[in-house]
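Peer 1: I am sharing start_37.pdb, which consists of PDB, C-alpha atoms:
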```pdb
ATOM      1  CA  MET A 244      39.371  18.522 -61.188
ATOM      2  CA  GLY A 245      40.762  15.398 -59.513
ATOM      3  CA  VAL A 246      39.526  16.479 -56.065
ATOM      4  CA  SER A 247      35.956  17.208 -57.170
ATOM      5  CA  ARG A 248      35.568  13.736 -58.732
ATOM      6  CA  PHE A 249      36.366  12.021 -55.421
ATOM      7  CA  ALA A 250      34.277  14.330 -53.213
ATOM      8  CA  PRO A 251      30.941  12.584 -54.022
ATOM      9  CA  LEU A 252      32.550   9.169 -53.388
ATOM     10  CA  LEU A 253      33.954  10.334 -50.072
ATOM     11  CA  PHE A 254      30.518  11.666 -49.078
ATOM     12  CA  VAL A 255      28.848   8.326 -49.973
ATOM     13  CA  ALA A 256      31.483   6.406 -47.994
ATOM     14  CA  LEU A 257      30.872   8.594 -44.933
ATOM     15  CA  LEU A 258      27.094   8.046 -45.178
ATOM     16  CA  ALA A 259      27.565   4.295 -45.422
ATOM     17  CA  GLY A 260      29.593   4.329 -42.204
ATOM     18  CA  CYS A 261      26.766   6.143 -40.386
ATOM     19  CA  GLY A 262      24.273   3.349 -41.068
ATOM     20  CA  THR A 263      25.843   0.819 -38.718
ATOM     21  CA  PRO A 264      25.352   1.657 -35.067
ATOM     22  CA  PRO A 265      28.127   0.943 -32.613
ATOM     23  CA  PRO A 266      27.803  -2.330 -30.719
ATOM     24  CA  PRO A 267      25.746  -2.017 -27.511
ATOM     25  CA  PRO A 268      27.650  -1.827 -24.235
ATOM     26  CA  PRO A 269      27.778  -5.058 -22.259
ATOM     27  CA  VAL A 270      24.828  -5.509 -19.922
ATOM     28  CA  PRO A 271      25.944  -5.959 -16.323
ATOM     29  CA  THR A 272      24.763  -9.140 -14.678
ATOM     30  CA  PRO A 273      22.665  -8.243 -11.636
ATOM     31  CA  THR A 274      23.761  -9.740  -8.366
ATOM     32  CA  THR A 275      20.977 -10.705  -6.028
ATOM     33  CA  THR A 276      20.978 -11.562  -2.387
ATOM     34  CA  PRO A 277      18.761 -14.552  -1.767
ATOM     35  CA  SER A 278      15.796 -13.542   0.307
ATOM     36  CA  PRO A 279      15.078 -15.575   3.386
ATOM     37  CA  THR A 280      12.122 -17.894   3.302
ATOM     38  CA  TYR A 281       9.442 -17.769   5.942
ATOM     39  CA  ALA A 282       7.311 -20.602   7.207
ATOM     40  CA  PRO A 283       3.571 -20.364   6.653
ATOM     41  CA  PRO A 284       1.488 -19.551   9.728
ATOM     42  CA  PRO A 285       1.148 -22.540  12.038
ATOM     43  CA  SER A 286      -2.089 -24.510  11.780
ATOM     44  CA  SER A 287      -2.276 -24.640  15.578
ATOM     45  CA  GLY A 288      -0.916 -22.481  18.354
ATOM     46  CA  LEU A 289      -0.474 -18.732  18.085
ATOM     47  CA  SER A 290      -0.150 -17.488  14.513
ATOM     48  CA  LEU A 291       1.398 -14.121  13.634
ATOM     49  CA  SER A 292       0.387 -11.997  10.658
ATOM     50  CA  VAL A 293       1.723  -8.584   9.691
ATOM     51  CA  GLY A 294      -0.343  -5.770   8.209
ATOM     52  CA  GLN A 295       0.725  -3.434   5.439
ATOM     53  CA  VAL A 296       2.957  -0.506   6.319
ATOM     54  CA  GLU A 297       1.076   2.742   6.946
ATOM     55  CA  ALA A 298       2.926   6.041   6.546
ATOM     56  CA  GLY A 299       2.456   9.587   7.803
ATOM     57  CA  LEU A 300       4.828  12.549   8.200
ATOM     58  CA  GLY A 301       7.983  10.438   8.145
ATOM     59  CA  HIS A 302       6.534   7.827  10.511
ATOM     60  CA  ARG A 303       5.709   4.228   9.638
ATOM     61  CA  ALA A 304       3.687   1.501  11.360
ATOM     62  CA  SER A 305       2.367  -2.005  10.869
ATOM     63  CA  VAL A 306      -0.221  -3.868  12.917
ATOM     64  CA  LEU A 307       0.907  -7.244  14.231
ATOM     65  CA  THR A 308      -2.003  -9.657  14.646
ATOM     66  CA  LEU A 309      -1.786 -12.791  16.761
ATOM     67  CA  THR A 310      -4.505 -15.413  16.186
ATOM     68  CA  ASN A 311      -5.206 -18.343  18.511
ATOM     69  CA  ARG A 312      -5.429 -21.381  16.224
ATOM     70  CA  ASP A 313      -5.605 -23.817  19.159
ATOM     71  CA  THR A 314      -8.776 -25.471  20.407
ATOM     72  CA  ALA A 315      -8.144 -24.142  23.925
ATOM     73  CA  PRO A 316      -7.773 -20.580  25.258
ATOM     74  CA  ARG A 317      -4.234 -19.149  25.312
ATOM     75  CA  LYS A 318      -2.698 -16.596  27.685
ATOM     76  CA  VAL A 319      -0.942 -13.611  26.113
ATOM     77  CA  THR A 320       0.814 -11.085  28.334
ATOM     78  CA  GLY A 321       2.843  -7.947  27.869
ATOM     79  CA  TYR A 322       4.788  -7.060  24.740
ATOM     80  CA  PRO A 323       5.914  -9.115  21.757
ATOM     81  CA  ASP A 324       9.644  -9.910  21.762
ATOM     82  CA  LEU A 325      10.706  -8.473  18.426
ATOM     83  CA  LYS A 326      13.793  -8.286  16.193
ATOM     84  CA  ILE A 327      14.321  -6.533  12.863
ATOM     85  CA  LEU A 328      16.019  -8.738  10.276
ATOM     86  CA  ALA A 329      18.230  -7.827   7.316
ATOM     87  CA  GLY A 330      17.627  -9.246   3.839
ATOM     88  CA  ASP A 331      19.923 -12.198   4.594
ATOM     89  CA  GLY A 332      17.929 -13.063   7.745
ATOM     90  CA  SER A 333      20.510 -11.775  10.226
ATOM     91  CA  SER A 334      19.375  -9.619  13.130
ATOM     92  CA  LEU A 335      19.982  -5.857  12.845
ATOM     93  CA  GLU A 336      21.123  -3.929  15.901
ATOM     94  CA  VAL A 337      17.972  -1.917  16.436
ATOM     95  CA  LYS A 338      16.691  -0.566  19.746
ATOM     96  CA  VAL A 339      13.191  -1.880  20.545
ATOM     97  CA  GLU A 340      11.193   0.376  22.863
ATOM     98  CA  HIS A 341       7.837  -0.406  24.487
ATOM     99  CA  GLY A 342       5.207   2.300  24.519
ATOM    100  CA  THR A 343       3.060   4.785  22.656
ATOM    101  CA  SER A 344       3.972   5.779  19.100
ATOM    102  CA  TYR A 345       2.825   8.308  16.513
ATOM    103  CA  PHE A 346       0.247   5.736  15.319
ATOM    104  CA  ALA A 347      -1.031   4.056  18.489
ATOM    105  CA  ARG A 348      -1.418   4.612  22.195
ATOM    106  CA  ASP A 349       0.122   1.882  24.328
ATOM    107  CA  LEU A 350      -2.344   0.431  26.826
ATOM    108  CA  GLY A 351       0.466  -1.071  28.908
ATOM    109  CA  PRO A 352       1.078  -4.732  29.677
ATOM    110  CA  GLN A 353      -2.123  -6.721  30.054
ATOM    111  CA  ASP A 354      -2.976 -10.305  30.931
ATOM    112  CA  LEU A 355      -5.191 -11.456  28.084
ATOM    113  CA  THR A 356      -7.006 -14.736  27.512
ATOM    114  CA  VAL A 357      -7.371 -15.355  23.796
ATOM    115  CA  GLN A 358     -10.151 -17.771  22.952
ATOM    116  CA  PRO A 359      -9.857 -20.153  19.962
ATOM    117  CA  GLY A 360     -10.178 -18.124  16.748
ATOM    118  CA  GLU A 361      -9.800 -14.777  18.556
ATOM    119  CA  LYS A 362      -7.076 -12.240  17.854
ATOM    120  CA  VAL A 363      -4.958  -9.708  19.709
ATOM    121  CA  VAL A 364      -2.918  -6.907  18.147
ATOM    122  CA  ALA A 365       0.180  -4.816  18.758
ATOM    123  CA  VAL A 366       1.504  -1.898  16.725
ATOM    124  CA  LEU A 367       5.097  -1.766  15.503
ATOM    125  CA  ALA A 368       6.127   1.807  14.633
ATOM    126  CA  TRP A 369       9.311   3.574  13.509
ATOM    127  CA  SER A 370      10.558   6.802  12.009
ATOM    128  CA  ALA A 371      12.142   7.040   8.579
ATOM    129  CA  THR A 372      13.986  10.207   9.631
ATOM    130  CA  VAL A 373      17.421  10.742   8.112
ATOM    131  CA  THR A 374      19.823  12.996  10.019
ATOM    132  CA  ASN A 375      23.416  11.894   9.607
ATOM    133  CA  GLY A 376      25.038   8.548   9.049
ATOM    134  CA  ASP A 377      24.045   5.549   6.989
ATOM    135  CA  GLN A 378      20.398   4.766   6.348
ATOM    136  CA  ARG A 379      19.263   1.335   7.486
ATOM    137  CA  ALA A 380      16.419  -0.857   6.412
ATOM    138  CA  GLY A 381      15.066  -4.194   7.495
ATOM    139  CA  ALA A 382      13.467  -6.822   5.276
ATOM    140  CA  ALA A 383      11.624  -8.873   7.890
ATOM    141  CA  ILE A 384      10.791  -9.245  11.557
ATOM    142  CA  ALA A 385      11.099 -12.132  13.994
ATOM    143  CA  VAL A 386       8.508 -12.124  16.770
ATOM    144  CA  VAL A 387       8.243 -14.304  19.842
ATOM    145  CA  PRO A 388       4.564 -13.761  20.666
ATOM    146  CA  VAL A 389       4.782 -15.026  24.251
ATOM    147  CA  PRO A 390       7.745 -16.340  26.267
ATOM    148  CA  GLY A 391       8.488 -19.976  25.504
ATOM    149  CA  GLU A 392       7.016 -19.875  21.980
ATOM    150  CA  PRO A 393       9.294 -20.109  18.930
ATOM    151  CA  ALA A 394      10.012 -16.958  16.932
ATOM    152  CA  GLN A 395       7.823 -16.433  13.890
ATOM    153  CA  LYS A 396       9.403 -14.636  10.932
ATOM    154  CA  GLN A 397       7.421 -12.496   8.541
ATOM    155  CA  PRO A 398       8.535 -10.215   5.690
ATOM    156  CA  LEU A 399       8.251  -6.508   6.545
ATOM    157  CA  ASP A 400      10.148  -3.662   4.893
ATOM    158  CA  THR A 401      11.293  -1.204   7.546
ATOM    159  CA  ASP A 402      12.972   1.946   6.290
ATOM    160  CA  LEU A 403      14.558   3.001   9.563
ATOM    161  CA  GLY A 404      16.349   6.075   8.243
ATOM    162  CA  THR A 405      19.183   6.768  10.675
ATOM    163  CA  THR A 406      17.139   6.314  13.882
ATOM    164  CA  ASP A 407      17.777   2.570  14.472
ATOM    165  CA  THR A 408      14.814   2.528  16.884
ATOM    166  CA  VAL A 409      11.364   0.944  16.729
ATOM    167  CA  THR A 410       8.476   1.158  19.193
ATOM    168  CA  VAL A 411       6.042  -1.669  19.854
ATOM    169  CA  SER A 412       2.829  -1.459  21.861
ATOM    170  CA  SER A 413       1.613  -4.207  24.171
ATOM    171  CA  TRP A 414      -0.706  -6.952  22.992
ATOM    172  CA  ALA A 415      -4.289  -5.681  23.216
ATOM    173  CA  THR A 416      -7.750  -6.633  22.004
ATOM    174  CA  GLU A 417      -7.785  -3.577  19.716
ATOM    175  CA  VAL A 418      -5.368  -0.920  18.484
ATOM    176  CA  GLY A 419      -5.142   1.889  21.059
ATOM    177  CA  ALA A 420      -5.967   5.243  19.521
TER     178      ALA A 420
END
```
I need this file expressed as structure tokens, please.
Peer 2:
Amino acid sequence: MGVSRFAPLLFVALLAGCGTPPPPPPVPTPTTTPSPTYAPPPSSGLSLSVGQVEAGLGHRASVLTLTNRDTAPRKVTGYPDLKILAGDGSSLEVKVEHGTSYFARDLGPQDLTVQPGEKVVAVLAWSATVTNGDQRAGAAIAVVPVPGEPAQKQPLDTDLGTTDTVTVSSWATEVGA
């Protein structure tokens, strides 16, 4: 009879212990890499802007637009000098090819005169294909629009897969199709 008297008390004690949840696990503190800052487009000279990334069948592209903000015409020739940048602003070792891509036909180097307020464009394209090795991604680009001009940096996510290659078309008055 002694055991049966304590059974209900033991049951109540076990239920009371179930009411307090265990303490939550510690929350890890996220570590963040500071993202580089980019200067706003210049109020004069040649100003670079970057379009949104378009995607199709594992390919990606963004239209680079160069606007003449000067009061005089500007000469633009050939291809933009381009680098892909990591999240910390350092340059990634990526091969930059000139030519036609999945998204745009390259019209070849041209001598263009860009009047005040006018724009020219180039298409930056890459493949997000993953074969073997580590996947790479860029967070921004640095573009020298014409020789002698300073590089202009703009944010642009580039998921390069394992290809480590981008293709850029020449500056043109419209995107070659």
Peer 1: Enter the distance from CA of Leu300 (chain A) to CA of Ala382 (chain A), in Å, rounded to one decimal.
Peer 2: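 Distance between the two atoms: 21.4 Å.
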Peer 1: Near region 338-344 of chain A, within 10 Å and counting all atoms listed in the file, which residues show up once chain neighbours fewer than 5 positions away are dropped, as a PyMOL selection string?
Peer 2: chain A and resi 302-304+321-327+349-352+366-370+406-413+419-420
Peer 1: List every protein, DNA or RNA residue that has at least one atom no more than 6 Å from (8.9, -6.5, 9.4) in the file's coordinates, counting only C-alpha atoms, and write the result as a ChimeraX atom specification.
Peer 2: /A:383-384,398-400
Peer 1: Keeping C-alpha atoms for every residue in the selection just given, could you write it to a file as a PDB file, in the coordinates of the input?
Peer 2:
```
ATOM      1  CA  ALA A 383      11.624  -8.873   7.890  1.00  0.00           C
ATOM      2  CA  ILE A 384      10.791  -9.245  11.557  1.00  0.00           C
ATOM      3  CA  PRO A 398       8.535 -10.215   5.690  1.00  0.00           C
ATOM      4  CA  LEU A 399       8.251  -6.508   6.545  1.00  0.00           C
ATOM      5  CA  ASP A 400      10.148  -3.662   4.893  1.00  0.00           C
TER       6      ASP A 400
END
```
Peer 1: Care to translate the PyMOL selection byres ((chain A and resi 416) around 8) into actual residues of this file, as a list in words?
Peer 2: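 That selection, the PyMOL selection byres ((chain A and resi 416) around 8), comes back as Lys362, Val363, Val364, Trp414, Ala415, Glu417 and Val418 of chain A.
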Peer 1: Deliver the residues from the most recent selection as a file, using C-alpha atoms, as an mmCIF file, keeping the file's coordinate frame.
Peer 2:
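Below is the file out12.cif, written as the result:
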```cif
data_model
loop_
_atom_site.group_PDB
_atom_site.id
_atom_site.type_symbol
_atom_site.label_atom_id
_atom_site.label_comp_id
_atom_site.auth_asym_id
_atom_site.auth_seq_id
_atom_site.Cartn_x
_atom_site.Cartn_y
_atom_site.Cartn_z
ATOM 1 C CA LYS A 362 -7.076 -12.240 17.854
ATOM 2 C CA VAL A 363 -4.958 -9.708 19.709
ATOM 3 C CA VAL A 364 -2.918 -6.907 18.147
ATOM 4 C CA TRP A 414 -0.706 -6.952 22.992
ATOM 5 C CA ALA A 415 -4.289 -5.681 23.216
ATOM 6 C CA GLU A 417 -7.785 -3.577 19.716
ATOM 7 C CA VAL A 418 -5.368 -0.920 18.484
#
```
Peer 1: Starting from the PyMOL selection byres ((chain A and resi 361) around 12), expand the selection into actual residues of this file and give them as a PyMOL selection string.
Peer 2: chain A and resi 288-290+308-319+355-360+362-364+415-417
Peer 1: Quick one: residues within 7 Å of Gly294 (chain A), all atoms listed in the file, excluding same-chain residues fewer than 3 positions away - as a list in words?
Peer 2: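 Those residues are Ser305, Val306 and Leu307 of chain A.
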Peer 1: Just the number, please: distance in Å from CA of Ala371 (chain A) to CA of Val337 (chain A), one decimal.
Peer 2: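 These atoms are spaced 13.3 Å apart.
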Peer 1: Can you give me, as a list of chain:residue names, the residues this file yields under the PyMOL selection byres ((chain A and resi 389) around 7)?
Peer 2: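 That selection, the PyMOL selection byres ((chain A and resi 389) around 7), comes back as A:Val319, A:Thr320, A:Pro323, A:Val387, A:Pro388, A:Pro390, A:Gly391, A:Glu392.
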Peer 1: Enter the distance from CA of Glu297 (chain A) to CA of Thr401 (chain A), in Å, rounded to one decimal.
Peer 2: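 Calculated distance between CA of Glu297 (chain A) and CA of Thr401 (chain A) is 11.0 Å.
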Peer 1: Give me the residues within 6 Å of Ala329 (chain A) as a PDB file with C-alpha atoms, in the coordinates of the input, counting only C-alpha atoms and dropping any in the same chain fewer than 2 places off.
Peer 2:
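Output (out-v6.pdb):
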```pdb
ATOM      1  CA  ASP A 331      19.923 -12.198   4.594  1.00  0.00           C
ATOM      2  CA  GLY A 332      17.929 -13.063   7.745  1.00  0.00           C
ATOM      3  CA  SER A 333      20.510 -11.775  10.226  1.00  0.00           C
ATOM      4  CA  GLY A 381      15.066  -4.194   7.495  1.00  0.00           C
ATOM      5  CA  ALA A 382      13.467  -6.822   5.276  1.00  0.00           C
TER       6      ALA A 382
END
```
Peer 1: Taking only C-alpha atoms into account, name the residue in A:Gly404, A:Ala365, A:Asn375, A:Phe346 that is nearest to Gly299 (chain A).
Peer 2: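 Closest candidate: A:Phe346.
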